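Reading through the structure tokens given below for one structure.
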Amino acid sequence: MKASFGKLPAKLMSQNAAAKTVWTPWAVIVLYASALVFAASLLPLRLAELLQLTGSAAPSPAGLLRWVLLTPGDAPLNYFFEAGAVRSMGHAAWVARLPSVLFAIGAARVFWKLAMLANLRRWNIALLLFLFLPLHYQAATEGRPFEQALFFTLVSYLLFFRLVQAPSIARTAAYACVLVVCLYSDPTSFFVCVGSVLGLLVFMRSEAIRRVIWHSLTAAAVAALLYVPFMVWKERFQGPYWLWGHDTVYLNQDAWAALFRDFSGGGAIGYAVSAALLTGVIVALWRLMKAPAQDATWRLTFVCFLSGSVLAIVMDLLTDLLSSKPISPERLLFALPGCLLLFASALDWLFVKAALAGWLVAATLFLLVAAGDYNFLTTHPENFEALSRVAVKELTDDSCVVFLSEKLSRSLFDVIEPRLRQKECLNFFHKRILLVSHPYVLPDEQEDGEDYFRGLNYHEVKRVRAGSGVLVVVEQDLGQPQ
């Protein structure tokens, strides 16, 4: 048994096979990078991206950290990556998303290595699904920390299996360092690593595995201790409000169906994709239970993938439930690599049993994934940039701007179009006032704001809807009393 576990990666990966196929994943990754650049350049920045950009564009590291502390659930590391990009290249959408794009390309390479390590015959199908699964494609083209955390989660898998192969102090230290980076990228990603370690408990009758457990638990404990001070510090800062997207749902509102949909992304298509993936996971689990004892290395690999994915999902849901925050489907992203590798293992089995059925399942899933990506690329729930452009065109020398919601409006528009913030009304002695309402202004806030200026003898001269927001231009005859 010790010998079986002692050389896990060497046994599961063929050097010759890797050499023959190395050009294929790179060709796929180059095409994938093109698809990422296309989406990152053309799609408007979404609410969550703008909120992060507000922190990343802070004039000092202290201001950046203050914003991170106020942002629910966020860790600081990705903000510093984004801050470096925007300070050197500006606030364009593609710049804010550049770290995610680069980490996504790196994640593609690491996922391929994991697929080879797991000895998957249909690794190419697993890689393509991983790259273009709507939830992952969205994370890879958004200026948020999830893709960075996913990259380091995948790296932690590789280091974990190296530790299983031959535990040592150096490998334990390297594993601990990557776990610290995972925590400071997105703390939820840490649960994948802990779950993988717990999966080893199934095999703890082996002395070699017990040794690995102690090394890996030590690494996890050190990483957690290095993150606890920041977590305690962050708990002291609670913002009075926060803006959430229109599509947010809460677990305490019977939103389990939405959770199942969002596990793979893609809108309504996500139900079918999630069902296919989870069916594959169930088949892989059945095969794990039926696997003969001599397949110990294969069983260990996929048990660790399974336990890591399950714990990540459970802890993400538990965290959202206890914190009274909306469901965070993006954080389910960290469970997807393990689920996809399990699915690919089940697909390998299906190809052996009935190749035609295997191709049919793969083709159907690719069509669903493509439809989900198309839905993501063509659906723009808000466009702050379009609204800002319309507002700037209406500015005159004797005009000023009023943001009809106090909830982060100034911060949001400051990073998009500083001229609007610079022209914010300090008094109401201007002939022309622009009432700017972003897409998350509530109807009663809109109505109260317009009523207030009607009471000051302003009359509406123009109403323009842009980017799901509203610009109302009101003017006053300066001869009339206010």
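Ordering of the structure tokens sets the chain letters (A, B, ...), residue numbers begin anew at 1 in every chain, and ligands are numbered from 1 in the order given.
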Got a sec to tell me which of range 168-288 of chain A DSSP assigns to alpha helix (DSSP H), as a PyMOL selection string?
chain A and resi 169-185+190-199+207-235+256-262+269-288
Non-local contacts of range 411-427 of chain A (9 Å; only C-alpha atoms; under 3 positions in same chain excluded) as a list of chain:residue names:
A:Leu47, A:Leu50, A:Leu51, A:Leu53, A:Thr54, A:Ala57, A:His91, A:Ala92, A:Phe384, A:Glu385, A:Ser388, A:Arg389, A:Ala391, A:Val392, A:Leu395, A:Ser399, A:Cys400, A:Val401, A:Val402, A:Phe403, A:Lys407, A:Leu408, A:His430, A:Ile433
Suppose we keep C-alpha atoms; can you now write the selection as a short mmCIF file (atom, residue, chain, number, x, y, z; two decimals), in the first residue's frame?
data_model
loop_
_atom_site.label_atom_id
_atom_site.label_comp_id
_atom_site.auth_asym_id
_atom_site.auth_seq_id
_atom_site.Cartn_x
_atom_site.Cartn_y
_atom_site.Cartn_z
CA LEU A 47 -21.68 46.45 -10.47
CA LEU A 50 -17.03 48.71 -10.35
CA LEU A 51 -17.19 48.35 -6.60
CA LEU A 53 -12.35 49.06 -9.03
CA THR A 54 -13.34 51.81 -6.62
CA ALA A 57 -8.23 52.98 -7.65
CA HIS A 91 -9.37 52.50 -15.74
CA ALA A 92 -10.52 50.85 -18.98
CA PHE A 384 -22.72 52.59 -16.04
CA GLU A 385 -20.39 53.79 -18.78
CA SER A 388 -22.09 58.42 -17.79
CA ARG A 389 -21.50 59.27 -21.45
CA ALA A 391 -24.75 62.64 -18.66
CA VAL A 392 -21.45 64.23 -19.73
CA LEU A 395 -23.15 69.22 -18.90
CA SER A 399 -25.08 73.00 -14.59
CA CYS A 400 -24.32 70.54 -11.84
CA VAL A 401 -25.00 66.90 -11.05
CA VAL A 402 -27.12 65.30 -8.33
CA PHE A 403 -26.83 61.57 -7.63
CA LYS A 407 -25.51 54.34 -1.69
CA LEU A 408 -22.02 54.44 -3.14
CA HIS A 430 -27.69 76.51 -11.01
CA ILE A 433 -29.34 70.23 -12.85
#
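Distances from A:Ala312, A:Ala176, A:Ser168, A:Lys325 to Thr71 in chain A were compared using only C-alpha atoms, and the smallest one belongs to A:Lys325.
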Leaving out Leu341 in chain A and any residue of its chain fewer than 5 positions from it, which residues lie within 10 Å of it when counting only C-alpha atoms, given as a list in words?
Phe111, Leu114, Ala115, Ala118, Leu120, Trp123, Ala126, Leu127, Phe130, Leu277, Gly280, Val281, Ala284, Phe302, Phe305, Leu306, Leu336, Ala346 and Leu347 of chain A
Do you know which residues are at most 10 Å from Thr248 in chain A counting only C-alpha atoms, after dropping those on the same chain fewer than 3 positions away, and could you put them as a CSV table (one decimal) with N, CA, C and O atoms, in the first residue's frame?
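And here's result.csv as it stands now:
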chain,number,residue,atom,x,y,z
A,244,TRP,N,-26.1,45.2,-3.9
A,244,TRP,CA,-26.1,43.9,-4.5
A,244,TRP,C,-26.8,43.9,-5.8
A,244,TRP,O,-27.7,44.8,-6.1
A,245,GLY,N,-26.5,43.0,-6.7
A,245,GLY,CA,-27.1,42.9,-8.0
A,245,GLY,C,-28.6,42.6,-7.9
A,245,GLY,O,-29.1,42.1,-6.9
A,255,ALA,N,-34.3,29.6,-2.0
A,255,ALA,CA,-33.6,29.9,-3.3
A,255,ALA,C,-32.8,28.7,-3.8
A,255,ALA,O,-31.8,28.9,-4.5
A,258,ALA,N,-32.4,28.4,-7.5
A,258,ALA,CA,-31.5,29.3,-8.1
A,258,ALA,C,-30.0,28.9,-7.9
A,258,ALA,O,-29.2,29.0,-8.8
A,325,LYS,N,-25.9,37.1,3.9
A,325,LYS,CA,-25.5,37.7,2.6
A,325,LYS,C,-26.3,36.9,1.5
A,325,LYS,O,-26.7,35.8,1.7
A,326,PRO,N,-26.4,37.5,0.3
A,326,PRO,CA,-26.9,36.7,-0.8
A,326,PRO,C,-26.1,35.5,-1.1
A,326,PRO,O,-24.9,35.5,-0.8
A,327,ILE,N,-26.6,34.6,-1.9
A,327,ILE,CA,-25.9,33.5,-2.4
A,327,ILE,C,-24.7,34.0,-3.3
A,327,ILE,O,-25.0,34.9,-4.1
A,328,SER,N,-23.6,33.4,-3.1
A,328,SER,CA,-22.4,33.8,-4.0
A,328,SER,C,-22.1,32.7,-5.0
A,328,SER,O,-21.2,31.9,-4.7
A,329,PRO,N,-22.8,32.6,-6.1
A,329,PRO,CA,-22.5,31.5,-7.0
A,329,PRO,C,-21.1,31.5,-7.5
A,329,PRO,O,-20.5,30.5,-7.8
At a cut-off of 9 Å, using only C-alpha atoms, what residues contact Asp74 in chain A? Leave out same-chain residues fewer than 3 positions from it and give the result as a PyMOL selection string.
chain A and resi 68-71+145+184-187
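Of note, CA of Pro443 in chain A and CA of Gly469 in chain A are spaced 11.4 Å apart.
Put simply, CA of Leu98 in chain A is 27.6 Å away from CA of Arg261 in chain A.
Nearest residue to Leu342 in chain A, choosing from A:Tyr227, A:Trp286, A:Trp242, A:Trp359 and counting only C-alpha atoms: A:Trp286.
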Sort by chain and increasing residue number a table of all residues of range 74-151 of chain A within 9 Å of range 368-375 of chain A, each with its closest pair of atoms and their distance in Å to one decimal, counting only C-alpha atoms, and write it as CSV.
residue,atom,partner,partner_atom,distance
A:Leu129,CA,A:Val369,CA,7.6
A:Phe132,CA,A:Val369,CA,6.7
A:Leu133,CA,A:Val369,CA,5.7
A:Pro134,CA,A:Asp373,CA,5.2
A:Leu135,CA,A:Asp373,CA,8.7
A:Tyr137,CA,A:Asp373,CA,7.4
A:Gln138,CA,A:Asp373,CA,8.1
Determine the nearest neighbour of Leu154 in chain A from the options A:Cys304, A:Leu471, A:Val192, A:Leu365, counting only C-alpha atoms.
A:Val192
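Computed from the coordinates, the CA of Arg205 in chain A to CA of Ala344 in chain A distance equals 28.5 Å.
Shortest atom-to-atom contact with Ser189 in chain A among A:Arg331, A:Lys462, A:Arg87, A:Lys393: A:Arg331, counting only C-alpha atoms.
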